[in-house]
$ cat input_28.pdb   # PDB, C-alpha atoms, pLDDT in the B column
ATOM      1  CA  ASN A  16      -7.460  17.870  -2.380  1.00 82.00           C
ATOM      2  CA  ASN A  17      -5.351  15.584  -0.203  1.00 85.00           C
ATOM      3  CA  ARG A  18      -5.244  13.111  -3.074  1.00 84.00           C
ATOM      4  CA  GLN A  19      -2.454  15.138  -4.678  1.00 86.00           C
ATOM      5  CA  TYR A  20      -0.158  14.209  -1.770  1.00 88.00           C
ATOM      6  CA  CYS A  21      -0.651  10.445  -2.041  1.00 91.00           C
ATOM      7  CA  ARG A  22       2.298   8.891  -3.882  1.00 91.00           C
ATOM      8  CA  GLY A  23       1.658   5.212  -3.151  1.00 93.00           C
ATOM      9  CA  ILE A  24      -0.579   2.795  -1.297  1.00 95.00           C
ATOM     10  CA  ALA A  25       0.355   0.079   1.179  1.00 96.00           C
ATOM     11  CA  GLY A  26      -2.348  -2.388   2.114  1.00 97.00           C
ATOM     12  CA  SER A  27      -2.847  -4.904   4.889  1.00 96.00           C
ATOM     13  CA  GLY A  28      -5.131  -7.913   4.706  1.00 96.00           C
ATOM     14  CA  ASN A  29      -5.815 -11.532   5.509  1.00 95.00           C
ATOM     15  CA  ARG A  30      -4.946 -14.114   2.844  1.00 94.00           C
ATOM     16  CA  ASN A  31      -7.615 -16.458   4.262  1.00 93.00           C
ATOM     17  CA  PHE A  32     -10.241 -14.404   2.411  1.00 89.00           C
ATOM     18  CA  GLY A  33      -8.764 -15.423  -0.939  1.00 92.00           C
ATOM     19  CA  LYS A  34      -6.678 -13.702  -3.572  1.00 89.00           C
ATOM     20  CA  THR A  35      -9.477 -11.473  -4.880  1.00 90.00           C
ATOM     21  CA  LYS A  36     -10.363 -10.093  -1.436  1.00 94.00           C
ATOM     22  CA  PHE A  37      -6.813  -9.824  -0.048  1.00 96.00           C
ATOM     23  CA  CYS A  38      -6.084  -6.088   0.329  1.00 96.00           C
ATOM     24  CA  TYR A  39      -9.206  -5.338  -1.727  1.00 96.00           C
ATOM     25  CA  THR A  40      -9.520  -1.726  -0.553  1.00 96.00           C
ATOM     26  CA  ALA A  41      -5.887  -0.914  -1.324  1.00 97.00           C
ATOM     27  CA  ARG A  42      -6.310  -2.351  -4.822  1.00 96.00           C
ATOM     28  CA  ALA A  43      -9.579  -0.479  -5.369  1.00 97.00           C
ATOM     29  CA  LEU A  44      -8.088   2.847  -4.238  1.00 96.00           C
ATOM     30  CA  SER A  45      -5.025   2.287  -6.409  1.00 96.00           C
ATOM     31  CA  HIS A  46      -7.195   1.645  -9.445  1.00 97.00           C
ATOM     32  CA  HIS A  47      -9.646   4.476  -8.782  1.00 95.00           C
ATOM     33  CA  TYR A  48      -7.050   7.157  -8.105  1.00 93.00           C
ATOM     34  CA  LYS A  49      -4.332   5.812 -10.440  1.00 94.00           C
ATOM     35  CA  ILE A  50      -1.846   5.582  -7.542  1.00 93.00           C
ATOM     36  CA  PRO A  51       0.676   2.725  -7.437  1.00 94.00           C
ATOM     37  CA  ILE A  52       0.619   0.022  -4.793  1.00 95.00           C
ATOM     38  CA  VAL A  53       3.979   0.013  -3.035  1.00 94.00           C
ATOM     39  CA  HIS A  54       3.378  -3.115  -0.943  1.00 97.00           C
ATOM     40  CA  LEU A  55       0.677  -5.506   0.215  1.00 97.00           C
ATOM     41  CA  PHE A  56       1.210  -7.444   3.431  1.00 97.00           C
ATOM     42  CA  GLU A  57      -0.636  -9.781   5.732  1.00 95.00           C
ATOM     43  CA  PHE A  58      -2.027  -8.728   9.106  1.00 94.00           C
ATOM     44  CA  GLN A  59       0.299  -6.329  10.956  1.00 92.00           C
ATOM     45  CA  GLY A  60       3.240  -7.110   8.726  1.00 95.00           C
ATOM     46  CA  SER A  61       6.789  -7.914   9.762  1.00 96.00           C
ATOM     47  CA  ALA A  62      10.161  -6.220   9.934  1.00 97.00           C
ATOM     48  CA  HIS A  63      10.646  -7.392   6.335  1.00 97.00           C
ATOM     49  CA  ASP A  64       7.466  -5.578   5.260  1.00 97.00           C
ATOM     50  CA  VAL A  65       8.636  -2.415   7.031  1.00 96.00           C
ATOM     51  CA  ALA A  66      11.948  -2.601   5.153  1.00 97.00           C
ATOM     52  CA  ILE A  67      10.156  -2.984   1.818  1.00 96.00           C
ATOM     53  CA  ILE A  68       7.877  -0.027   2.484  1.00 95.00           C
ATOM     54  CA  GLN A  69      10.802   2.103   3.710  1.00 94.00           C
ATOM     55  CA  LYS A  70      12.702   1.291   0.507  1.00 94.00           C
ATOM     56  CA  GLU A  71       9.696   2.394  -1.560  1.00 91.00           C
ATOM     57  CA  ILE A  72       9.363   5.609   0.459  1.00 89.00           C
ATOM     58  CA  ASP A  73      13.049   6.320  -0.122  1.00 91.00           C
ATOM     59  CA  LYS A  74      12.585   5.784  -3.881  1.00 89.00           C
ATOM     60  CA  ILE A  75       9.701   8.229  -3.974  1.00 82.00           C
ATOM     61  CA  GLY A  76      11.709  10.721  -1.963  1.00 77.00           C
ATOM     62  CA  ILE A  77       9.346  11.246   0.930  1.00 62.00           C
ATOM     63  CA  GLU A  78      10.822  12.103   4.308  1.00 60.00           C
ATOM     64  CA  SER A  79       9.689   9.564   6.900  1.00 52.00           C
ATOM     65  CA  LYS A  80       9.883   9.942  10.654  1.00 50.00           C
TER      66      LYS A  80
END
$ encode --input "input_28.pdb" --output "structure tokens"
Amino acid sequence: NNRQYCRGIAGSGNRNFGKTKFCYTARALSHHYKIPIVHLFEFQGSAHDVAIIQKEIDKIGIESK
């Protein structure tokens, strides 16, 4: 029942695998569970990616630590 707590999905991937395989699992989970993707980023991400995800978390209203 943990699915009820998931409000969005962030995915990490490698763009070298092509557009269809980039963040494939995040896209598949989003589609299967009808949960929005909040951000997709390459490798470990950057400070910019962190800021984007934090903004999305703030919009959803989830307390982050």
$ resolve_selection --input "input_28.pdb" --expression "the PyMOL selection byres ((chain A and resi 55-72) around 6)" --output "VMD selection string"
chain A and resid 25 to 29 54 73 to 75 77
$ residues_around --input "input_28.pdb" --residues "His46 (chain A)" --least-positions-apart "6" --cutoff "12 Å" --atoms "only C-alpha atoms" --output "list in words"
Gly23, Ile24, Tyr39, Thr40 and Ile52 of chain A
$ write_last_selection --input "input_28.pdb" --atoms "C-alpha atoms" --output "PDB file, in the coordinates of the input"
ATOM      1  CA  GLY A  23       1.658   5.212  -3.151  1.00 93.00           C
ATOM      2  CA  ILE A  24      -0.579   2.795  -1.297  1.00 95.00           C
ATOM      3  CA  TYR A  39      -9.206  -5.338  -1.727  1.00 96.00           C
ATOM      4  CA  THR A  40      -9.520  -1.726  -0.553  1.00 96.00           C
ATOM      5  CA  ILE A  52       0.619   0.022  -4.793  1.00 95.00           C
TER       6      ILE A  52
END
$ atom_distance --input "input_28.pdb" --atom1 "CA of Gly76 (chain A)" --atom2 "CA of Tyr48 (chain A)"
20.1 Å
$ axis_aligned_box --input "input_28.pdb" --around "region 66-75 of chain A" --padding-each-side "3 Å" --output "JSON"
{"center_x": 10.5, "center_y": 2.6, "center_z": 0.6, "size_x": 11.2, "size_y": 17.2, "size_z": 15.1}
$ atom_distance --input "input_28.pdb" --atom1 "CA of Cys21 (chain A)" --atom2 "CA of Pro51 (chain A)"
9.5 Å
$ atom_distance --input "input_28.pdb" --atom1 "CA of Leu44 (chain A)" --atom2 "CA of Arg22 (chain A)"
12.0 Å
$ decode --input "input_28.pdb" --residues "region 54-75 of chain A" --atoms "N, CA and C atoms" --output "mmCIF file, in the first residue's frame"
data_model
loop_
_atom_site.group_PDB
_atom_site.id
_atom_site.type_symbol
_atom_site.label_atom_id
_atom_site.label_comp_id
_atom_site.auth_asym_id
_atom_site.auth_seq_id
_atom_site.Cartn_x
_atom_site.Cartn_y
_atom_site.Cartn_z
ATOM 1 N N HIS A 54 10.665 15.110 -12.645
ATOM 2 C CA HIS A 54 11.913 15.524 -13.304
ATOM 3 C C HIS A 54 12.697 14.294 -13.743
ATOM 4 N N LEU A 55 13.333 14.409 -14.896
ATOM 5 C CA LEU A 55 14.251 13.395 -15.391
ATOM 6 C C LEU A 55 15.607 14.063 -15.568
ATOM 7 N N PHE A 56 16.657 13.406 -15.101
ATOM 8 C CA PHE A 56 17.985 14.018 -15.159
ATOM 9 C C PHE A 56 19.030 12.977 -15.506
ATOM 10 N N GLU A 57 20.172 13.471 -15.959
ATOM 11 C CA GLU A 57 21.234 12.563 -16.378
ATOM 12 C C GLU A 57 22.217 12.294 -15.245
ATOM 13 N N PHE A 58 22.617 11.034 -15.155
ATOM 14 C CA PHE A 58 23.591 10.566 -14.168
ATOM 15 C C PHE A 58 23.196 10.961 -12.749
ATOM 16 N N GLN A 59 24.102 11.617 -12.019
ATOM 17 C CA GLN A 59 23.816 11.980 -10.628
ATOM 18 C C GLN A 59 23.093 13.317 -10.526
ATOM 19 N N GLY A 60 22.901 13.977 -11.622
ATOM 20 C CA GLY A 60 22.233 15.263 -11.600
ATOM 21 C C GLY A 60 23.177 16.382 -11.202
ATOM 22 N N SER A 61 22.628 17.570 -11.081
ATOM 23 C CA SER A 61 23.414 18.754 -10.741
ATOM 24 C C SER A 61 22.649 19.572 -9.705
ATOM 25 N N ALA A 62 23.241 20.658 -9.280
ATOM 26 C CA ALA A 62 22.550 21.546 -8.349
ATOM 27 C C ALA A 62 21.262 22.079 -8.990
ATOM 28 N N HIS A 63 21.294 22.279 -10.298
ATOM 29 C CA HIS A 63 20.096 22.730 -11.022
ATOM 30 C C HIS A 63 18.979 21.684 -10.924
ATOM 31 N N ASP A 64 19.328 20.419 -11.087
ATOM 32 C CA ASP A 64 18.337 19.343 -10.979
ATOM 33 C C ASP A 64 17.752 19.281 -9.570
ATOM 34 N N VAL A 65 18.598 19.455 -8.572
ATOM 35 C CA VAL A 65 18.131 19.464 -7.178
ATOM 36 C C VAL A 65 17.130 20.595 -6.975
ATOM 37 N N ALA A 66 17.426 21.765 -7.520
ATOM 38 C CA ALA A 66 16.521 22.913 -7.385
ATOM 39 C C ALA A 66 15.177 22.638 -8.052
ATOM 40 N N ILE A 67 15.196 22.010 -9.206
ATOM 41 C CA ILE A 67 13.954 21.679 -9.908
ATOM 42 C C ILE A 67 13.124 20.705 -9.087
ATOM 43 N N ILE A 68 13.762 19.665 -8.581
ATOM 44 C CA ILE A 68 13.039 18.667 -7.793
ATOM 45 C C ILE A 68 12.519 19.284 -6.498
ATOM 46 N N GLN A 69 13.307 20.134 -5.857
ATOM 47 C CA GLN A 69 12.854 20.798 -4.627
ATOM 48 C C GLN A 69 11.626 21.672 -4.908
ATOM 49 N N LYS A 70 11.641 22.369 -6.032
ATOM 50 C CA LYS A 70 10.498 23.203 -6.414
ATOM 51 C C LYS A 70 9.245 22.338 -6.589
ATOM 52 N N GLU A 71 9.395 21.189 -7.211
ATOM 53 C CA GLU A 71 8.265 20.279 -7.411
ATOM 54 C C GLU A 71 7.764 19.731 -6.076
ATOM 55 N N ILE A 72 8.678 19.392 -5.185
ATOM 56 C CA ILE A 72 8.295 18.914 -3.853
ATOM 57 C C ILE A 72 7.524 19.995 -3.123
ATOM 58 N N ASP A 73 7.982 21.225 -3.211
ATOM 59 C CA ASP A 73 7.300 22.345 -2.560
ATOM 60 C C ASP A 73 5.886 22.522 -3.122
ATOM 61 N N LYS A 74 5.729 22.353 -4.443
ATOM 62 C CA LYS A 74 4.408 22.474 -5.061
ATOM 63 C C LYS A 74 3.446 21.412 -4.557
ATOM 64 N N ILE A 75 3.970 20.207 -4.392
ATOM 65 C CA ILE A 75 3.138 19.100 -3.919
ATOM 66 C C ILE A 75 2.809 19.266 -2.434
#
